[in-house]
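run-v4.cif (mmCIF, C-alpha atoms) appears below.
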```cif
data_input
loop_
_atom_site.group_PDB
_atom_site.id
_atom_site.type_symbol
_atom_site.label_atom_id
_atom_site.label_comp_id
_atom_site.auth_asym_id
_atom_site.auth_seq_id
_atom_site.Cartn_x
_atom_site.Cartn_y
_atom_site.Cartn_z
ATOM 1 C CA MET A 1 71.929 83.395 122.615
ATOM 2 C CA SER A 2 71.654 86.196 120.060
ATOM 3 C CA LEU A 3 74.197 86.806 117.302
ATOM 4 C CA PHE A 4 75.682 89.902 118.912
ATOM 5 C CA THR A 5 75.789 88.331 122.377
ATOM 6 C CA GLY A 6 77.843 85.504 120.899
ATOM 7 C CA ILE A 7 80.232 87.941 119.221
ATOM 8 C CA ASN A 8 80.640 89.922 122.439
ATOM 9 C CA ASN A 9 81.279 86.778 124.515
ATOM 10 C CA ARG A 10 83.900 85.520 122.087
ATOM 11 C CA MET A 11 85.661 88.897 122.092
ATOM 12 C CA TYR A 12 85.938 88.878 125.882
ATOM 13 C CA GLY A 13 86.744 85.153 126.227
ATOM 14 C CA ILE A 14 83.416 84.151 127.783
ATOM 15 C CA SER A 15 82.434 80.544 127.067
ATOM 16 C CA SER A 16 78.929 79.357 126.211
ATOM 17 C CA ARG A 17 78.571 78.317 129.868
ATOM 18 C CA GLY A 18 79.161 81.907 131.008
ATOM 19 C CA SER A 19 82.625 81.354 132.520
ATOM 20 C CA VAL A 20 85.675 83.374 131.482
ATOM 21 C CA GLU A 21 88.203 81.233 129.634
ATOM 22 C CA ASN A 22 91.928 81.509 130.361
ATOM 23 C CA ASN A 23 93.713 82.462 127.148
ATOM 24 C CA SER A 24 97.075 83.291 128.744
ATOM 25 C CA SER A 25 98.624 79.917 127.872
ATOM 26 C CA LEU A 26 97.665 80.323 124.231
ATOM 27 C CA ILE A 27 99.044 83.865 124.080
ATOM 28 C CA GLU A 28 102.341 82.721 125.621
ATOM 29 C CA LYS A 29 102.784 80.244 122.762
ATOM 30 C CA LEU A 30 102.602 82.972 120.125
ATOM 31 C CA THR A 31 106.190 83.404 118.952
ATOM 32 C CA SER A 32 107.913 84.331 115.704
ATOM 33 C CA ALA A 33 111.428 83.149 114.881
ATOM 34 C CA PRO A 34 113.711 85.155 112.560
ATOM 35 C CA VAL A 35 113.353 82.445 109.901
ATOM 36 C CA GLN A 36 109.610 83.154 109.842
ATOM 37 C CA SER A 37 110.122 86.802 108.852
ATOM 38 C CA HIS A 38 109.949 87.726 105.169
ATOM 39 C CA ALA A 39 110.774 91.030 103.466
ATOM 40 C CA LEU A 40 108.401 91.866 100.623
ATOM 41 C CA SER A 41 109.527 93.362 97.341
ATOM 42 C CA SER A 42 107.537 94.367 94.289
ATOM 43 C CA HIS A 43 107.092 91.508 91.814
ATOM 44 C CA GLU A 44 107.450 93.902 88.876
ATOM 45 C CA TYR A 45 110.005 96.471 90.058
ATOM 46 C CA GLY A 46 111.960 94.744 92.803
ATOM 47 C CA LEU A 47 111.443 97.611 95.244
ATOM 48 C CA ALA A 48 110.350 97.162 98.855
ATOM 49 C CA THR A 49 106.577 97.115 99.354
ATOM 50 C CA SER A 50 104.318 96.842 102.383
ATOM 51 C CA PRO A 51 101.702 94.161 103.148
ATOM 52 C CA ASN A 52 98.100 95.331 103.489
ATOM 53 C CA ALA A 53 96.138 92.074 103.868
ATOM 54 C CA VAL A 54 96.694 88.354 104.451
ATOM 55 C CA SER A 55 94.629 85.174 104.086
ATOM 56 C CA TYR A 56 95.353 81.505 104.842
ATOM 57 C CA SER A 57 94.349 78.697 102.508
ATOM 58 C CA HIS A 58 91.479 76.530 103.728
ATOM 59 C CA ASP A 59 93.435 73.265 103.554
ATOM 60 C CA THR A 60 96.443 71.707 105.275
ATOM 61 C CA THR A 61 99.105 73.198 102.993
ATOM 62 C CA GLY A 62 99.764 76.161 105.279
ATOM 63 C CA HIS A 63 99.879 78.531 102.324
ATOM 64 C CA LEU A 64 99.516 82.216 103.090
ATOM 65 C CA SER A 65 98.527 84.875 100.562
ATOM 66 C CA VAL A 66 99.653 88.478 101.095
ATOM 67 C CA GLY A 67 98.219 91.504 99.288
ATOM 68 C CA THR A 68 100.631 94.414 98.946
ATOM 69 C CA GLU A 69 100.673 98.172 98.463
ATOM 70 C CA ASP A 70 101.849 97.898 94.853
ATOM 71 C CA GLY A 71 98.927 95.649 93.805
ATOM 72 C CA GLY A 72 100.762 92.351 94.114
ATOM 73 C CA VAL A 73 99.825 88.991 95.624
ATOM 74 C CA HIS A 74 102.579 86.918 97.246
ATOM 75 C CA ILE A 75 102.206 83.266 98.306
ATOM 76 C CA PHE A 76 104.249 81.803 101.172
ATOM 77 C CA ASP A 77 104.545 78.259 102.498
ATOM 78 C CA THR A 78 104.316 78.796 106.271
ATOM 79 C CA LEU A 79 105.153 75.161 107.052
ATOM 80 C CA GLN A 80 108.502 75.292 105.261
ATOM 81 C CA ASN A 81 109.004 79.048 105.779
ATOM 82 C CA LYS A 82 109.627 79.864 102.156
ATOM 83 C CA PHE A 83 108.358 82.126 99.404
ATOM 84 C CA LEU A 84 106.525 80.380 96.550
ATOM 85 C CA ILE A 85 105.230 82.755 93.903
ATOM 86 C CA ALA A 86 103.994 86.309 93.219
ATOM 87 C CA TRP A 87 102.089 88.231 90.578
ATOM 88 C CA ASN A 88 100.456 91.647 90.127
ATOM 89 C CA PRO A 89 96.706 91.430 89.426
ATOM 90 C CA HIS A 90 96.155 95.129 90.236
ATOM 91 C CA ARG A 91 97.766 98.450 89.341
ATOM 92 C CA ASN A 92 97.055 99.987 92.728
ATOM 93 C CA ALA A 93 97.119 98.944 96.385
ATOM 94 C CA ILE A 94 95.318 95.756 97.438
ATOM 95 C CA LEU A 95 93.156 96.363 100.513
ATOM 96 C CA ASP A 96 91.927 92.814 101.130
ATOM 97 C CA VAL A 97 92.687 89.326 99.877
ATOM 98 C CA LEU A 98 90.803 86.066 100.364
ATOM 99 C CA TRP A 99 91.606 82.435 99.657
ATOM 100 C CA VAL A 100 88.524 80.704 98.188
ATOM 101 C CA PRO A 101 87.623 77.505 100.112
ATOM 102 C CA TYR A 102 88.168 74.201 98.294
ATOM 103 C CA MET A 103 89.726 75.927 95.289
ATOM 104 C CA PRO A 104 93.230 77.105 94.364
ATOM 105 C CA LYS A 105 91.740 80.569 93.801
ATOM 106 C CA ILE A 106 92.340 83.955 95.415
ATOM 107 C CA ILE A 107 90.071 87.004 95.354
ATOM 108 C CA SER A 108 91.751 90.392 95.764
ATOM 109 C CA CYS A 109 90.119 93.817 96.027
ATOM 110 C CA SER A 110 91.859 97.080 95.419
ATOM 111 C CA VAL A 111 91.958 100.854 95.376
ATOM 112 C CA ASP A 112 91.569 100.537 91.587
ATOM 113 C CA ARG A 113 87.842 99.728 92.243
ATOM 114 C CA THR A 114 88.032 96.161 90.936
ATOM 115 C CA MET A 115 87.992 92.654 92.387
ATOM 116 C CA ILE A 116 90.068 90.028 90.621
ATOM 117 C CA LEU A 117 89.846 86.238 90.823
ATOM 118 C CA SER A 118 93.264 84.653 90.290
ATOM 119 C CA ASP A 119 94.554 81.121 89.911
ATOM 120 C CA ALA A 120 97.023 80.728 92.777
ATOM 121 C CA TRP A 121 99.123 78.020 91.128
ATOM 122 C CA ARG A 122 99.390 79.579 87.685
ATOM 123 C CA ALA A 123 99.792 83.026 89.272
ATOM 124 C CA GLU A 124 97.519 84.752 86.792
ATOM 125 C CA PRO A 125 94.162 86.581 86.876
ATOM 126 C CA GLU A 126 91.107 84.722 85.579
ATOM 127 C CA ALA A 127 88.235 87.204 85.927
ATOM 128 C CA THR A 128 87.622 90.846 86.815
ATOM 129 C CA PHE A 129 84.581 92.031 88.788
ATOM 130 C CA ILE A 130 83.508 95.647 88.341
ATOM 131 C CA GLY A 131 80.766 97.731 89.948
ATOM 132 C CA HIS A 132 82.095 99.750 92.904
ATOM 133 C CA LYS A 133 82.511 103.480 92.259
ATOM 134 C CA THR A 134 85.432 103.893 94.659
ATOM 135 C CA SER A 135 88.049 101.685 96.319
ATOM 136 C CA VAL A 136 86.974 98.205 97.450
ATOM 137 C CA ARG A 137 87.813 97.680 101.111
ATOM 138 C CA CYS A 138 86.823 94.111 102.055
ATOM 139 C CA VAL A 139 85.726 90.707 100.742
ATOM 140 C CA ASP A 140 84.234 87.519 102.180
ATOM 141 C CA VAL A 141 82.978 84.272 100.687
ATOM 142 C CA ILE A 142 80.245 81.818 101.624
ATOM 143 C CA ARG A 143 82.225 78.840 102.884
ATOM 144 C CA GLU A 144 79.458 76.361 102.073
ATOM 145 C CA GLU A 145 79.044 77.886 98.589
ATOM 146 C CA PRO A 146 82.460 79.305 97.634
ATOM 147 C CA THR A 147 81.327 80.518 94.217
ATOM 148 C CA THR A 148 79.426 83.353 95.925
ATOM 149 C CA PHE A 149 81.215 86.246 97.616
ATOM 150 C CA ALA A 150 80.510 89.739 98.913
ATOM 151 C CA THR A 151 82.510 92.957 98.821
ATOM 152 C CA GLY A 152 82.246 96.293 100.615
ATOM 153 C CA GLY A 153 83.491 99.590 99.284
ATOM 154 C CA ARG A 154 84.220 103.154 100.198
ATOM 155 C CA ASP A 155 81.146 104.050 98.134
ATOM 156 C CA GLY A 156 78.964 102.639 100.923
ATOM 157 C CA LYS A 157 77.750 99.668 98.910
ATOM 158 C CA VAL A 158 77.831 95.957 99.662
ATOM 159 C CA MET A 159 77.825 93.865 96.493
ATOM 160 C CA LEU A 160 77.179 90.168 95.965
ATOM 161 C CA TRP A 161 78.938 88.245 93.205
ATOM 162 C CA ASP A 162 78.769 84.794 91.639
ATOM 163 C CA ILE A 163 81.781 83.549 89.692
ATOM 164 C CA ARG A 164 79.448 81.248 87.728
ATOM 165 C CA CYS A 165 77.265 84.155 86.578
ATOM 166 C CA SER A 166 76.712 84.088 82.826
ATOM 167 C CA ARG A 167 76.278 87.868 82.561
ATOM 168 C CA LYS A 168 79.837 88.579 81.506
ATOM 169 C CA GLU A 169 81.600 90.267 78.645
ATOM 170 C CA CYS A 170 85.301 89.803 77.974
ATOM 171 C CA ASN A 171 85.582 88.046 81.343
ATOM 172 C CA HIS A 172 84.292 91.118 83.210
ATOM 173 C CA PHE A 173 81.590 90.226 85.734
ATOM 174 C CA HIS A 174 78.873 92.461 87.190
ATOM 175 C CA SER A 175 77.223 92.127 90.600
ATOM 176 C CA ILE A 176 74.123 89.972 91.125
ATOM 177 C CA ASN A 177 72.855 92.060 94.067
ATOM 178 C CA VAL A 178 73.665 95.512 95.493
ATOM 179 C CA ILE A 179 72.986 96.723 99.038
ATOM 180 C CA ASP A 180 73.217 100.476 99.454
ATOM 181 C CA SER A 181 74.183 101.214 103.066
ATOM 182 C CA PHE A 182 73.133 104.854 103.044
ATOM 183 C CA ARG A 183 70.824 105.177 106.019
ATOM 184 C CA LYS A 184 68.229 107.739 106.997
ATOM 185 C CA GLU A 185 67.021 108.139 110.545
ATOM 186 C CA ALA A 186 64.102 110.313 111.682
ATOM 187 C CA ASN A 187 64.779 114.025 111.086
ATOM 188 C CA GLU A 188 68.158 113.237 109.517
ATOM 189 C CA THR A 189 69.587 113.519 106.058
ATOM 190 C CA LYS A 190 71.224 110.521 104.491
ATOM 191 C CA ARG A 191 74.654 109.764 105.884
ATOM 192 C CA HIS A 192 77.415 108.176 103.807
ATOM 193 C CA ILE A 193 78.845 104.959 105.204
ATOM 194 C CA ARG A 194 82.186 103.615 104.054
ATOM 195 C CA ILE A 195 82.056 99.837 104.357
ATOM 196 C CA THR A 196 85.158 98.456 106.085
ATOM 197 C CA SER A 197 84.196 94.831 106.756
ATOM 198 C CA VAL A 198 81.744 92.187 105.533
ATOM 199 C CA LYS A 199 81.301 88.695 106.949
ATOM 200 C CA PHE A 200 78.935 85.872 106.036
ATOM 201 C CA ILE A 201 77.045 84.004 108.743
ATOM 202 C CA GLY A 202 76.143 80.670 107.200
ATOM 203 C CA ASP A 203 74.881 80.888 103.623
ATOM 204 C CA ARG A 204 72.056 83.419 104.008
ATOM 205 C CA LYS A 205 73.058 86.298 106.269
ATOM 206 C CA LEU A 206 75.749 88.911 105.801
ATOM 207 C CA VAL A 207 77.105 91.292 108.455
ATOM 208 C CA SER A 208 78.500 94.693 107.459
ATOM 209 C CA CYS A 209 80.023 97.627 109.322
ATOM 210 C CA GLY A 210 81.646 100.938 108.434
ATOM 211 C CA ASP A 211 84.056 103.515 109.809
ATOM 212 C CA THR A 212 81.560 106.399 109.851
ATOM 213 C CA THR A 213 78.781 104.746 111.865
ATOM 214 C CA ASP A 214 78.343 102.895 115.139
ATOM 215 C CA ILE A 215 75.810 100.465 113.647
ATOM 216 C CA ILE A 216 76.477 96.834 112.673
ATOM 217 C CA LYS A 217 73.924 95.551 110.174
ATOM 218 C CA VAL A 218 72.800 92.046 109.239
ATOM 219 C CA TRP A 219 71.427 91.508 105.723
ATOM 220 C CA ASP A 220 69.372 88.667 104.264
ATOM 221 C CA THR A 221 71.140 87.848 100.977
ATOM 222 C CA ARG A 222 68.001 86.151 99.626
ATOM 223 C CA ARG A 223 66.416 89.579 99.191
ATOM 224 C CA THR A 224 66.989 91.477 95.979
ATOM 225 C CA TYR A 225 67.934 94.874 97.396
ATOM 226 C CA THR A 226 68.506 96.336 93.934
ATOM 227 C CA THR A 227 64.714 96.432 93.441
ATOM 228 C CA TYR A 228 64.094 98.522 96.592
ATOM 229 C CA LYS A 229 63.082 102.125 95.850
ATOM 230 C CA ARG A 230 63.048 103.198 99.482
ATOM 231 C CA ASP A 231 65.921 103.041 101.963
ATOM 232 C CA ARG A 232 67.322 99.545 102.284
ATOM 233 C CA LYS A 233 66.353 97.869 105.528
ATOM 234 C CA SER A 234 68.632 95.355 107.190
ATOM 235 C CA THR A 235 67.085 92.381 108.984
ATOM 236 C CA GLN A 236 68.916 93.287 112.205
ATOM 237 C CA SER A 237 71.107 96.140 113.448
ATOM 238 C CA THR A 238 72.766 97.061 116.711
ATOM 239 C CA PRO A 239 75.096 99.813 117.996
ATOM 240 C CA ALA A 240 78.700 98.604 118.163
#
```

Same coordinates, now as structure tokens:
Amino acid sequence: MSLFTGINNRMYGISSRGSVENNSSLIEKLTSAPVQSHALSSHEYGLATSPNAVSYSHDTTGHLSVGTEDGGVHIFDTLQNKFLIAWNPHRNAILDVLWVPYMPKIISCSVDRTMILSDAWRAEPEATFIGHKTSVRCVDVIREEPTTFATGGRDGKVMLWDIRCSRKECNHFHSINVIDSFRKEANETKRHIRITSVKFIGDRKLVSCGDTTDIIKVWDTRRTYTTYKRDRKSTQSTPA
């Protein structure tokens, strides 16, 4: 079974045996009690703010991180239905947030063009990652190697980062690999692609997609795309 066949089957509830699974019982169990609803307010100003992104911790604590419009991160305990802590790593809206596996760390990406690694328990930023020219839309981490993560931006670039990288000044990190998703087909000029989602498959391949193209691309992260002088070539692509 190919990668995209597997994605399509999962989307439509088709099992590996080819039969359609019944998800109605699971959907019927999805409920939300009033005690599980939380109103968000700005950590700095106390005004109401809206959530833009959420991410669960990768352990059994049931902790949920929420990135907000005012650049704040809020942590909730979903098992006890209570608010825990909040801080503002960014000065503009957070577009995606990700809990790092096996670590009490959270990565947030923002309209302010930066990605920030924060300590979730101390509620304070630890490192800033810079490189995107416009807002950063999405982030994902290699689960088997949580020190490596990828981001996608409105500038059409996918960037790879390593929080252990020694190339840093004043705790500001720069990318270890850049994939430019501008594409050029036969008899066409280059078309700008705004990256809206990135997702690792294992520890070597990365899937990306954008809101101005119907193509999903798979990249081999072992390649150093920053050395390519011609158009970057993905290892696999398919119309969505």

Show which residues sit within 10 Å of Asp59 of chain A, as an mmCIF file with C-alpha atoms, in the frame of the given file. Count only C-alpha atoms, and ignore same-chain residues fewer than 4 positions away.
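Result went into part_19.cif, see below:
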```cif
data_model
loop_
_atom_site.group_PDB
_atom_site.id
_atom_site.type_symbol
_atom_site.label_atom_id
_atom_site.label_comp_id
_atom_site.auth_asym_id
_atom_site.auth_seq_id
_atom_site.Cartn_x
_atom_site.Cartn_y
_atom_site.Cartn_z
ATOM 1 C CA HIS A 63 99.879 78.531 102.324
ATOM 2 C CA PRO A 101 87.623 77.505 100.112
ATOM 3 C CA TYR A 102 88.168 74.201 98.294
ATOM 4 C CA MET A 103 89.726 75.927 95.289
ATOM 5 C CA PRO A 104 93.230 77.105 94.364
#
```

Checklist entry - Do you know which residues the PyMOL selection byres ((chain A and resi 159-161) around 6) returns on this file, as a list in words? => result Thr148, Phe149, Ala150, Thr151, Val158, Asp162, Ser175, Ile176, Asn177 and Val178 of chain A

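Comparing the minimum interatomic distances between Arg122 of chain A and each of A:Pro146, A:Cys109, A:Leu84, A:Asp155, counting all atoms listed in the file, we find that A:Leu84 sits nearest.
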
Checklist entry - At a cut-off of 7 Å from (104.8, 85.7, 87.5) in the coordinates of the file, what residues are picked up using all atoms listed in the file, written as a PyMOL selection string? => result chain A and resi 86-87+123

Grab the residues selected above and save them as a PDB file, keeping the file's coordinate frame with C-alpha atoms.
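The resulting file, again30.pdb, is reproduced below:
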```
ATOM      1  CA  ALA A  86     103.994  86.309  93.219  1.00  0.00           C
ATOM      2  CA  TRP A  87     102.089  88.231  90.578  1.00  0.00           C
ATOM      3  CA  ALA A 123      99.792  83.026  89.272  1.00  0.00           C
TER       4      ALA A 123
END
```

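By chain and then residue number, the residues within 10 Å of Val111 of chain A are Glu69, Gly71, His90, Arg91, Asn92, Ala93, Ile94, Leu95, Asp96, Met115, Thr134, Ser135, Val136, Arg137, Gly153 and Arg154 of chain A, counting only C-alpha atoms and disregarding those fewer than 4 positions away in sequence.
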
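Here atom CA of Val97 of chain A stands at a distance of 21.1 Å from atom CA of Ile179 of chain A.
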
Item to check | Selection near Lys82 of chain A, 9 Å with all atoms listed in the file, sequence-local residues under 2 positions removed, as a ChimeraX atom specification | outcome: /A:35-36,38,76-80,84

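You will find atom CA of Leu64 of chain A at 8.6 Å from atom CA of Trp99 of chain A.
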
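Note that atom CA of Val54 of chain A and atom CA of Trp121 of chain A are 17.0 Å apart.
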
Which residues fall under the PyMOL selection byres ((chain A and resi 48) around 12) in this file, as a compact mmCIF listing (two decimals) with C-alpha atoms, in the coordinates of the input?
```
# COMPACT_ATOMS: atom_id res chain seq x y z
CA HIS A 38 109.95 87.73 105.17
CA ALA A 39 110.77 91.03 103.47
CA LEU A 40 108.40 91.87 100.62
CA SER A 41 109.53 93.36 97.34
CA SER A 42 107.54 94.37 94.29
CA HIS A 43 107.09 91.51 91.81
CA GLU A 44 107.45 93.90 88.88
CA TYR A 45 110.00 96.47 90.06
CA GLY A 46 111.96 94.74 92.80
CA LEU A 47 111.44 97.61 95.24
CA THR A 49 106.58 97.12 99.35
CA SER A 50 104.32 96.84 102.38
CA PRO A 51 101.70 94.16 103.15
CA THR A 68 100.63 94.41 98.95
CA GLU A 69 100.67 98.17 98.46
CA ASP A 70 101.85 97.90 94.85
CA GLY A 72 100.76 92.35 94.11
```

Give the centre and edge lengths of an axis-aligned box, in Å to one decimal, that holds all listed atoms of segment 32-36 of chain A with 6 Å on each side, as AutoDock Vina command-line options.
```
--center_x 110.8 --center_y 83.8 --center_z 112.8 --size_x 17.8 --size_y 14.7 --size_z 17.9
```

Checklist entry - Applied to this file, what does the PyMOL selection byres ((chain A and resi 208) around 10) return in terms of residues, put as a PyMOL selection string? => result chain A and resi 138+151-152+157-158+181+195-200+206-207+209-210+215-219+234+237

Checklist entry - So which one's closest to Val141 of chain A, A:Ile193, A:His58, A:Thr212, A:Arg222? Using all atoms listed in the file, please. => result A:His58

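Minimum atom-to-atom distances from A:Ile142, A:Ile163, A:Lys105, A:Thr147 to Lys205 of chain A were compared using all atoms listed in the file, and the lowest value belongs to A:Ile142.
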
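The smallest atom-to-atom distance between Ser37 of chain A and any of A:Asp214, A:Asn88, A:Ser55, A:Asn81, using only C-alpha atoms, is found for A:Asn81.
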
Next on the checklist: Just checking: using all atoms listed in the file, which residue out of A:Gly156, A:Lys133, A:Arg164, A:Ser65 ends up closest to Asp119 of chain A?
Outcome noted: A:Ser65

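Counting all atoms listed in the file, the residue from A:Arg223, A:Arg143, A:Arg204, A:Arg194 that sits nearest to Val100 of chain A is A:Arg143.
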
Student task, segment 37-101 of chain A output with C-alpha atoms as a compact mmCIF listing (two decimals), in the first residue's frame:
```
# COMPACT_ATOMS: atom_id res chain seq x y z
CA SER A 37 -15.34 24.71 28.53
CA HIS A 38 -12.75 27.40 29.24
CA ALA A 39 -12.80 31.10 28.33
CA LEU A 40 -9.39 32.43 27.31
CA SER A 41 -8.07 35.80 28.37
CA SER A 42 -4.79 37.51 27.57
CA HIS A 43 -2.04 36.65 30.06
CA GLU A 44 -0.68 40.20 29.90
CA TYR A 45 -3.78 42.38 29.50
CA GLY A 46 -6.65 40.30 30.85
CA LEU A 47 -8.75 40.83 27.73
CA ALA A 48 -10.58 38.04 25.90
CA THR A 49 -8.51 36.30 23.23
CA SER A 50 -9.20 33.54 20.73
CA PRO A 51 -7.45 30.15 20.41
CA ASN A 52 -5.65 29.45 17.14
CA ALA A 53 -3.91 26.11 17.77
CA VAL A 54 -3.84 23.26 20.30
CA SER A 55 -1.51 20.36 21.10
CA TYR A 56 -1.68 17.51 23.63
CA SER A 57 1.32 16.40 25.66
CA HIS A 58 2.78 13.03 24.67
CA ASP A 59 2.40 11.48 28.12
CA THR A 60 -0.43 10.50 30.46
CA THR A 61 -0.83 13.89 32.16
CA GLY A 62 -3.60 15.02 29.82
CA HIS A 63 -2.07 18.47 29.52
CA LEU A 64 -3.24 20.60 26.62
CA SER A 65 -1.38 23.60 25.24
CA VAL A 66 -3.32 26.37 23.48
CA GLY A 67 -1.78 29.07 21.28
CA THR A 68 -3.76 32.31 21.16
CA GLU A 69 -4.30 35.35 18.97
CA ASP A 70 -2.36 37.64 21.31
CA GLY A 71 0.81 35.48 21.21
CA GLY A 72 0.16 33.58 24.42
CA VAL A 73 0.44 29.91 25.37
CA HIS A 74 -2.04 28.51 27.90
CA ILE A 75 -1.73 25.09 29.58
CA PHE A 76 -4.80 23.17 30.77
CA ASP A 77 -5.14 19.93 32.73
CA THR A 78 -7.87 18.11 30.78
CA LEU A 79 -8.14 15.32 33.36
CA GLN A 80 -9.02 17.69 36.20
CA ASN A 81 -10.58 20.34 33.93
CA LYS A 82 -8.53 23.22 35.21
CA PHE A 83 -6.23 25.96 33.98
CA LEU A 84 -2.56 25.60 34.98
CA ILE A 85 -0.35 28.35 33.61
CA ALA A 86 0.13 30.87 30.78
CA TRP A 87 2.84 33.06 29.30
CA ASN A 88 3.43 35.20 26.20
CA PRO A 89 6.40 34.02 24.12
CA HIS A 90 5.31 36.07 21.07
CA ARG A 91 4.16 39.61 20.36
CA ASN A 92 1.80 38.56 17.60
CA ALA A 93 -0.67 35.75 16.91
CA ILE A 94 0.45 32.14 17.34
CA LEU A 95 -0.54 30.02 14.33
CA ASP A 96 0.62 26.61 15.55
CA VAL A 97 1.85 25.05 18.77
CA LEU A 98 3.46 21.67 19.41
CA TRP A 99 4.30 19.71 22.54
CA VAL A 100 7.76 18.11 22.16
CA PRO A 101 7.67 14.34 22.87
```
